[in-house]
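Peer 1: Below is one structure. I have some questions about it.
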Amino acid sequence: MFPKFFETLQGDKIPLPVFFPDATRAVLKTLDSTDIKNTQTPGILVNSFHLLSNPGKDVIKSFGGVKKYMNWNGAVISDSGGFQVMSLAKTLGGKNSVTDIGVTFKMDGKKILFTPEISIKTQLALNSDMVVVLDDFTDPKNNLTEAKDSVRRTLRWAENCKKIFEANTKSWLKKPYLLGVVQGGGFAILRKECTKELVDIGFDGLGYGGWPIKSDLTFDYQSSDIIRQYTPDNYLLYGLGVGKPHEIATLVKSGWHIFDCVLPTRDARHCRLYVWKDASTLNYSYFTPNKNIYYRDKSSVSKFCDCHLCQNYSRSYLAHLFHIKEMTALRLATIHNLRFYSELMRKLRYV
Ligand SMILES: [Zn+2]
């Protein structure tokens, strides 16, 4: 049976497919939780490592989790924090600082060890609806031997993460989803092995880990197809960091359910707004609020959008706000792009 919903710890059922914008530090830049809700965005992704650093997991735990901390009633996925610690670890000598025990890196002059246990316990303190296991990122430049090693470690950590997750949620009436992450880079044989072994360990879903762009800059659909092929039908499938509308659309057609990306919010802050070409298809173009073109334009950014920006303000006013570098421009553009993405996912439910 294919999953139809993403169910939160509160029992809310969110229809699939679903897109989670990145609220890295428990905030979507320039917005508050009411703004996010009004864009019909059902869930957000938070970053475990950043929240572990600031304000700290004990602070968030004392509030009952990240939802209560930021007054957000929708869904929350926490990432493992692995991507950030791997980046920090590079300052200590790359892969040498990644061992089977965990990842060692330097922060504020101090040497820190980040382990599968720390990742899982932090995410449980956040009380998120989906917990992601710590994985060892397969660098796209890795040869087969190096990629094999990252898969071996990913599987070892996945097994540890599951044990720690089970031991720490024994008394929970309802548990969050636990997501395994498939590594293996562009090596089909490794993607297949990693998927099958993760399924043997047993998870609620699998994520497409690593870098999904090939050396010719096209999307690696071969890997996503292999993961799909060897994953049971009742698993959630999550394209980690996948966010371009056409990539999401293609993955949805082949059976993927969950996506997250910084793209819509980052693009909004860089004057790039997504605009539908019509009400029913997936065709869209970009709108740039350039003052030289739009200063006398009284129309809305998009006649096919019901967001706060399009219902209340003109292209001219938005161009003016961007020109004078006013924070409100970033807020309105972010609201618009998030509404575009929530509408994109609604349209994809009927494709
Ligand atoms: Zn709009």
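Labeling convention for the structure tokens: chains A, B, ... as they appear, residues from 1 per chain, ligands from 1 in order of appearance.
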Please tabulate, as JSON lines, the residues of chain A that come within 9 Å of ligand 1, each with its closest pair of atoms and the distance in Å to one decimal, counting only C-alpha atoms and all ligand atoms and ordering rows by chain, then residue number upward.

Peer 2:
{"residue": "A:Leu273", "atom": "CA", "partner": "ligand 1", "partner_atom_place_in_ligand_line": "1 (Zn)", "distance": 8.7}
{"residue": "A:Tyr274", "atom": "CA", "partner": "ligand 1", "partner_atom_place_in_ligand_line": "1 (Zn)", "distance": 8.6}
{"residue": "A:Val275", "atom": "CA", "partner": "ligand 1", "partner_atom_place_in_ligand_line": "1 (Zn)", "distance": 7.8}
{"residue": "A:Ser300", "atom": "CA", "partner": "ligand 1", "partner_atom_place_in_ligand_line": "1 (Zn)", "distance": 8.0}
{"residue": "A:Val301", "atom": "CA", "partner": "ligand 1", "partner_atom_place_in_ligand_line": "1 (Zn)", "distance": 6.4}
{"residue": "A:Ser302", "atom": "CA", "partner": "ligand 1", "partner_atom_place_in_ligand_line": "1 (Zn)", "distance": 5.9}
{"residue": "A:Lys303", "atom": "CA", "partner": "ligand 1", "partner_atom_place_in_ligand_line": "1 (Zn)", "distance": 8.1}
{"residue": "A:Phe304", "atom": "CA", "partner": "ligand 1", "partner_atom_place_in_ligand_line": "1 (Zn)", "distance": 7.8}
{"residue": "A:Cys305", "atom": "CA", "partner": "ligand 1", "partner_atom_place_in_ligand_line": "1 (Zn)", "distance": 4.5}
{"residue": "A:Asp306", "atom": "CA", "partner": "ligand 1", "partner_atom_place_in_ligand_line": "1 (Zn)", "distance": 5.7}
{"residue": "A:Cys307", "atom": "CA", "partner": "ligand 1", "partner_atom_place_in_ligand_line": "1 (Zn)", "distance": 4.2}
{"residue": "A:His308", "atom": "CA", "partner": "ligand 1", "partner_atom_place_in_ligand_line": "1 (Zn)", "distance": 6.5}
{"residue": "A:Leu309", "atom": "CA", "partner": "ligand 1", "partner_atom_place_in_ligand_line": "1 (Zn)", "distance": 5.3}
{"residue": "A:Cys310", "atom": "CA", "partner": "ligand 1", "partner_atom_place_in_ligand_line": "1 (Zn)", "distance": 4.2}
{"residue": "A:Gln311", "atom": "CA", "partner": "ligand 1", "partner_atom_place_in_ligand_line": "1 (Zn)", "distance": 7.2}
{"residue": "A:Leu332", "atom": "CA", "partner": "ligand 1", "partner_atom_place_in_ligand_line": "1 (Zn)", "distance": 8.4}
{"residue": "A:Ala333", "atom": "CA", "partner": "ligand 1", "partner_atom_place_in_ligand_line": "1 (Zn)", "distance": 7.9}
{"residue": "A:Ile335", "atom": "CA", "partner": "ligand 1", "partner_atom_place_in_ligand_line": "1 (Zn)", "distance": 7.3}
{"residue": "A:His336", "atom": "CA", "partner": "ligand 1", "partner_atom_place_in_ligand_line": "1 (Zn)", "distance": 4.0}
{"residue": "A:Asn337", "atom": "CA", "partner": "ligand 1", "partner_atom_place_in_ligand_line": "1 (Zn)", "distance": 7.0}
{"residue": "A:Leu338", "atom": "CA", "partner": "ligand 1", "partner_atom_place_in_ligand_line": "1 (Zn)", "distance": 8.7}
{"residue": "A:Arg339", "atom": "CA", "partner": "ligand 1", "partner_atom_place_in_ligand_line": "1 (Zn)", "distance": 6.6}
{"residue": "A:Phe340", "atom": "CA", "partner": "ligand 1", "partner_atom_place_in_ligand_line": "1 (Zn)", "distance": 7.1}

Peer 1: Got a sec to tell me which of stretch 131-198 of chain A DSSP assigns to strand (DSSP E or B), as a PyMOL selection string?

Peer 2: chain A and resi 131-132+177-182

Peer 1: I'd like a table as a tab-separated table: residues in stretch 178-256 of chain A with an atom no more than 10 Å from stretch 1-22 of chain A, each row giving the shortest atom pair and its distance in Å to one decimal, only C-alpha atoms counted, sorted by chain and rising residue number.

Peer 2:
residue	atom	partner	partner_atom	distance
A:Pro232	CA	A:Phe2	CA	8.8
A:Asp233	CA	A:Phe2	CA	5.2
A:Asn234	CA	A:Phe2	CA	4.9
A:Tyr235	CA	A:Pro3	CA	6.9
A:Leu236	CA	A:Pro3	CA	6.6
A:Leu237	CA	A:Pro3	CA	9.4
A:Tyr238	CA	A:Val18	CA	9.6
A:Gly239	CA	A:Phe19	CA	9.8
A:Gly241	CA	A:Asp22	CA	9.0
A:Val242	CA	A:Phe19	CA	9.5
A:Gly243	CA	A:Phe19	CA	8.3
A:Ile248	CA	A:Phe19	CA	9.0
A:Ala249	CA	A:Pro17	CA	9.8
A:Leu251	CA	A:Pro17	CA	10.0
A:Val252	CA	A:Pro17	CA	7.0
A:Gly255	CA	A:Phe2	CA	8.8
A:Trp256	CA	A:Pro17	CA	7.4

Peer 1: I'd like the neighbourhood of A:Gly184 as a PyMOL selection string, where a residue qualifies if any of its atoms comes within 10 Å (using only C-alpha atoms), though same-chain residues fewer than 2 positions away should be ignored.

Peer 2: chain A and resi 136-140+142+144+146-152+154+182+186-195+208-211+223

Peer 1: Could those selected residues go to a file with N, CA, C and O atoms, as a compact mmCIF listing (two decimals), in the first residue's frame?

Peer 2:
# COMPACT_ATOMS: atom_id res chain seq x y z
N ASP A 136 26.97 9.08 6.18
CA ASP A 136 28.27 9.54 5.70
C ASP A 136 28.14 9.91 4.22
O ASP A 136 28.01 9.04 3.36
N PHE A 137 28.17 11.19 3.96
CA PHE A 137 27.98 11.75 2.63
C PHE A 137 28.99 11.19 1.62
O PHE A 137 30.19 11.27 1.85
N THR A 138 28.49 10.59 0.53
CA THR A 138 29.41 10.14 -0.54
C THR A 138 29.75 11.33 -1.41
O THR A 138 28.89 11.89 -2.09
N ASP A 139 31.02 11.72 -1.37
CA ASP A 139 31.46 12.87 -2.17
C ASP A 139 31.36 12.50 -3.65
O ASP A 139 31.78 11.41 -4.04
N PRO A 140 30.80 13.41 -4.49
CA PRO A 140 30.68 13.06 -5.93
C PRO A 140 32.03 12.77 -6.58
O PRO A 140 32.09 12.11 -7.61
N ASN A 142 34.32 10.93 -5.18
CA ASN A 142 34.83 9.65 -4.67
C ASN A 142 34.95 8.59 -5.76
O ASN A 142 34.09 8.48 -6.64
N LEU A 144 35.24 4.31 -6.56
CA LEU A 144 34.37 3.23 -6.06
C LEU A 144 34.75 2.78 -4.64
O LEU A 144 33.89 2.57 -3.79
N GLU A 146 36.29 4.51 -2.25
CA GLU A 146 35.91 5.53 -1.26
C GLU A 146 34.39 5.56 -1.06
O GLU A 146 33.90 5.68 0.06
N ALA A 147 33.67 5.43 -2.17
CA ALA A 147 32.20 5.44 -2.08
C ALA A 147 31.70 4.23 -1.29
O ALA A 147 30.77 4.34 -0.49
N LYS A 148 32.36 3.08 -1.49
CA LYS A 148 31.99 1.86 -0.74
C LYS A 148 32.14 2.10 0.75
O LYS A 148 31.33 1.66 1.56
N ASP A 149 33.23 2.78 1.11
CA ASP A 149 33.50 3.03 2.53
C ASP A 149 32.42 3.94 3.14
O ASP A 149 32.00 3.73 4.28
N SER A 150 31.96 4.93 2.36
CA SER A 150 30.91 5.83 2.89
C SER A 150 29.59 5.07 3.06
O SER A 150 28.84 5.30 4.00
N VAL A 151 29.34 4.11 2.15
CA VAL A 151 28.11 3.30 2.28
C VAL A 151 28.21 2.38 3.50
O VAL A 151 27.27 2.26 4.28
N ARG A 152 29.39 1.77 3.67
CA ARG A 152 29.58 0.87 4.83
C ARG A 152 29.34 1.64 6.14
O ARG A 152 28.62 1.19 7.03
N THR A 154 27.70 4.51 6.49
CA THR A 154 26.30 4.95 6.52
C THR A 154 25.41 3.84 7.10
O THR A 154 24.54 4.10 7.93
N VAL A 182 20.03 6.86 1.88
CA VAL A 182 20.79 6.05 0.92
C VAL A 182 21.96 6.86 0.37
O VAL A 182 21.78 7.97 -0.13
N GLY A 186 27.11 8.12 -7.61
CA GLY A 186 26.57 7.74 -8.91
C GLY A 186 26.78 6.26 -9.22
O GLY A 186 26.55 5.83 -10.36
N PHE A 187 27.20 5.46 -8.23
CA PHE A 187 27.44 4.03 -8.47
C PHE A 187 26.15 3.24 -8.25
O PHE A 187 25.71 3.07 -7.11
N ALA A 188 25.58 2.77 -9.34
CA ALA A 188 24.28 2.08 -9.27
C ALA A 188 24.31 0.89 -8.32
O ALA A 188 23.40 0.69 -7.52
N ILE A 189 25.40 0.13 -8.36
CA ILE A 189 25.50 -1.07 -7.53
C ILE A 189 25.48 -0.71 -6.04
O ILE A 189 24.88 -1.41 -5.21
N LEU A 190 26.12 0.43 -5.70
CA LEU A 190 26.15 0.85 -4.29
C LEU A 190 24.80 1.39 -3.84
O LEU A 190 24.36 1.14 -2.71
N ARG A 191 24.13 2.14 -4.71
CA ARG A 191 22.79 2.65 -4.37
C ARG A 191 21.84 1.47 -4.10
O ARG A 191 21.05 1.50 -3.16
N LYS A 192 21.96 0.43 -4.94
CA LYS A 192 21.10 -0.74 -4.78
C LYS A 192 21.40 -1.46 -3.46
O LYS A 192 20.49 -1.76 -2.67
N GLU A 193 22.68 -1.70 -3.20
CA GLU A 193 23.08 -2.40 -1.97
C GLU A 193 22.66 -1.63 -0.74
O GLU A 193 22.13 -2.18 0.22
N CYS A 194 22.92 -0.31 -0.77
CA CYS A 194 22.61 0.53 0.39
C CYS A 194 21.11 0.52 0.66
O CYS A 194 20.67 0.39 1.80
N THR A 195 20.31 0.63 -0.41
CA THR A 195 18.84 0.61 -0.25
C THR A 195 18.39 -0.70 0.38
O THR A 195 17.63 -0.71 1.36
N TYR A 208 16.91 10.14 -0.37
CA TYR A 208 17.91 10.16 -1.45
C TYR A 208 19.04 11.06 -0.97
O TYR A 208 18.95 12.28 -1.03
N GLY A 209 20.13 10.43 -0.45
CA GLY A 209 21.23 11.20 0.12
C GLY A 209 22.32 11.49 -0.89
O GLY A 209 22.34 10.96 -1.99
N GLY A 210 23.25 12.34 -0.48
CA GLY A 210 24.38 12.69 -1.34
C GLY A 210 24.02 13.81 -2.30
O GLY A 210 23.00 14.48 -2.14
N TRP A 211 24.86 13.96 -3.31
CA TRP A 211 24.69 15.06 -4.26
C TRP A 211 23.97 14.51 -5.49
O TRP A 211 24.52 13.64 -6.18
N SER A 223 19.82 7.09 -9.98
CA SER A 223 19.91 6.71 -8.56
C SER A 223 18.53 6.74 -7.90
O SER A 223 18.19 5.85 -7.12

Peer 1: Enumerate as a VMD selection string all residues of stretch 79-326 of chain A assigned to alpha helix (DSSP H) by DSSP on the backbone, naming them with the chain letters and numbers the document uses.

Peer 2: chain A and resid 82 to 89 116 to 126 144 to 168 188 to 201 221 to 229 245 to 253 263 to 269 291 to 294 308 to 312 315 to 323

Peer 1: What's the 10 Å shell around stretch 165-174 of chain A, counting only C-alpha atoms, without same-chain residues fewer than 6 positions away, as a ChimeraX atom specification?

Peer 2: /A:8-11,116-117,120-121,123-124,129,131,133,159

Peer 1: For the residues selected in the previous step, produce a file with N, CA and C atoms as a PDB file, in the first residue's frame.

Peer 2:
ATOM      1  N   THR A   8       1.507  13.653  11.511  1.00  0.00           N
ATOM      2  CA  THR A   8       2.315  14.297  12.553  1.00  0.00           C
ATOM      3  C   THR A   8       2.110  13.582  13.887  1.00  0.00           C
ATOM      4  N   LEU A   9       2.935  13.936  14.871  1.00  0.00           N
ATOM      5  CA  LEU A   9       2.803  13.335  16.206  1.00  0.00           C
ATOM      6  C   LEU A   9       1.457  13.683  16.831  1.00  0.00           C
ATOM      7  N   GLN A  10       0.862  14.800  16.388  1.00  0.00           N
ATOM      8  CA  GLN A  10      -0.460  15.199  16.902  1.00  0.00           C
ATOM      9  C   GLN A  10      -1.596  14.478  16.172  1.00  0.00           C
ATOM     10  N   GLY A  11      -1.252  13.699  15.149  1.00  0.00           N
ATOM     11  CA  GLY A  11      -2.265  12.944  14.415  1.00  0.00           C
ATOM     12  C   GLY A  11      -2.823  13.665  13.194  1.00  0.00           C
ATOM     13  N   PRO A 116      26.211   9.397  16.044  1.00  0.00           N
ATOM     14  CA  PRO A 116      24.813   9.020  15.782  1.00  0.00           C
ATOM     15  C   PRO A 116      23.931   9.237  17.010  1.00  0.00           C
ATOM     16  N   GLU A 117      24.465   8.945  18.195  1.00  0.00           N
ATOM     17  CA  GLU A 117      23.691   9.098  19.431  1.00  0.00           C
ATOM     18  C   GLU A 117      23.308  10.559  19.683  1.00  0.00           C
ATOM     19  N   ILE A 120      20.510  11.613  17.149  1.00  0.00           N
ATOM     20  CA  ILE A 120      19.158  11.093  17.441  1.00  0.00           C
ATOM     21  C   ILE A 120      18.587  11.744  18.701  1.00  0.00           C
ATOM     22  N   LYS A 121      19.406  11.862  19.745  1.00  0.00           N
ATOM     23  CA  LYS A 121      18.890  12.431  21.001  1.00  0.00           C
ATOM     24  C   LYS A 121      18.514  13.907  20.828  1.00  0.00           C
ATOM     25  N   GLN A 123      17.403  15.242  17.996  1.00  0.00           N
ATOM     26  CA  GLN A 123      16.151  15.283  17.224  1.00  0.00           C
ATOM     27  C   GLN A 123      14.946  14.877  18.073  1.00  0.00           C
ATOM     28  N   LEU A 124      15.154  13.925  18.996  1.00  0.00           N
ATOM     29  CA  LEU A 124      14.046  13.546  19.882  1.00  0.00           C
ATOM     30  C   LEU A 124      13.708  14.685  20.845  1.00  0.00           C
ATOM     31  N   ASP A 129       8.497  15.452  13.792  1.00  0.00           N
ATOM     32  CA  ASP A 129       7.624  14.379  13.288  1.00  0.00           C
ATOM     33  C   ASP A 129       8.396  13.339  12.486  1.00  0.00           C
ATOM     34  N   VAL A 131      12.499  11.871  12.146  1.00  0.00           N
ATOM     35  CA  VAL A 131      13.893  11.889  12.598  1.00  0.00           C
ATOM     36  C   VAL A 131      14.741  11.239  11.505  1.00  0.00           C
ATOM     37  N   VAL A 133      18.409   9.642  10.212  1.00  0.00           N
ATOM     38  CA  VAL A 133      19.640   9.037  10.741  1.00  0.00           C
ATOM     39  C   VAL A 133      20.873   9.789  10.229  1.00  0.00           C
ATOM     40  N   GLU A 159      22.282   1.582  11.611  1.00  0.00           N
ATOM     41  CA  GLU A 159      21.935   0.535  12.573  1.00  0.00           C
ATOM     42  C   GLU A 159      22.009   1.089  14.006  1.00  0.00           C
TER      43      GLU A 159
END

Peer 1: Can you tell me which residues surround A:Ser53 at a distance of at most 12 Å, considering only C-alpha atoms, apart from same-chain residues fewer than 2 positions away, and format the answer as a short mmCIF file (atom, residue, chain, number, x, y, z; two decimals) with N, CA, C and O atoms, in the first residue's frame?

Peer 2:
data_model
loop_
_atom_site.label_atom_id
_atom_site.label_comp_id
_atom_site.auth_asym_id
_atom_site.auth_seq_id
_atom_site.Cartn_x
_atom_site.Cartn_y
_atom_site.Cartn_z
N ARG A 25 17.25 27.45 11.35
CA ARG A 25 17.42 27.79 12.77
C ARG A 25 16.07 28.00 13.45
O ARG A 25 15.90 28.92 14.25
N ASN A 47 17.20 22.36 11.29
CA ASN A 47 18.54 21.78 11.29
C ASN A 47 18.99 21.45 12.72
O ASN A 47 19.14 22.35 13.55
N SER A 48 19.18 20.16 12.98
CA SER A 48 19.50 19.71 14.34
C SER A 48 20.80 20.29 14.86
O SER A 48 20.89 20.70 16.01
N PHE A 49 21.82 20.33 14.00
CA PHE A 49 23.12 20.80 14.48
C PHE A 49 23.06 22.27 14.87
O PHE A 49 23.56 22.67 15.93
N HIS A 50 22.42 23.10 14.04
CA HIS A 50 22.33 24.53 14.36
C HIS A 50 21.54 24.74 15.65
O HIS A 50 21.91 25.58 16.48
N LEU A 51 20.46 23.97 15.84
CA LEU A 51 19.65 24.15 17.05
C LEU A 51 20.35 23.58 18.29
O LEU A 51 20.15 24.09 19.40
N PRO A 55 19.46 27.57 20.23
CA PRO A 55 19.65 27.90 21.65
C PRO A 55 20.09 26.73 22.51
O PRO A 55 20.27 26.89 23.71
N GLY A 56 20.29 25.51 21.92
CA GLY A 56 20.64 24.31 22.70
C GLY A 56 19.43 23.41 22.86
O GLY A 56 18.30 23.89 22.96
N LYS A 57 19.68 22.10 22.87
CA LYS A 57 18.54 21.17 22.88
C LYS A 57 17.76 21.22 24.18
O LYS A 57 16.56 21.02 24.20
N ASP A 58 18.44 21.52 25.30
CA ASP A 58 17.72 21.56 26.59
C ASP A 58 16.73 22.72 26.65
O ASP A 58 15.67 22.60 27.26
N VAL A 59 17.08 23.84 26.02
CA VAL A 59 16.16 24.99 26.00
C VAL A 59 14.89 24.60 25.23
O VAL A 59 13.77 24.78 25.70
N ILE A 60 15.10 24.00 24.04
CA ILE A 60 13.93 23.63 23.21
C ILE A 60 13.13 22.52 23.88
O ILE A 60 11.90 22.55 23.88
N GLY A 81 21.87 16.72 10.97
CA GLY A 81 22.99 17.61 11.30
C GLY A 81 24.27 17.17 10.63
O GLY A 81 25.29 17.84 10.69
N GLN A 84 26.17 19.53 7.98
CA GLN A 84 26.90 20.66 8.56
C GLN A 84 28.20 20.20 9.24
O GLN A 84 29.24 20.82 9.06
N VAL A 85 28.11 19.09 10.01
CA VAL A 85 29.33 18.67 10.71
C VAL A 85 30.37 18.14 9.73
O VAL A 85 31.56 18.32 9.94
N MET A 107 35.00 23.90 16.59
CA MET A 107 34.07 25.03 16.61
C MET A 107 34.43 25.92 17.80
O MET A 107 34.62 25.41 18.92
N ASP A 108 34.52 27.21 17.56
CA ASP A 108 34.92 28.17 18.60
C ASP A 108 36.21 27.72 19.29
O ASP A 108 36.36 27.81 20.51
N ILE A 112 35.14 19.05 18.76
CA ILE A 112 33.84 18.47 19.13
C ILE A 112 33.62 17.16 18.36
O ILE A 112 33.96 17.07 17.17
N PHE A 114 30.75 14.62 17.03
CA PHE A 114 29.31 14.48 16.75
C PHE A 114 29.05 13.02 16.37
O PHE A 114 29.69 12.49 15.46
N THR A 122 19.27 14.61 19.99
CA THR A 122 18.92 16.02 19.72
C THR A 122 17.58 16.09 19.01
O THR A 122 16.69 16.87 19.37
#
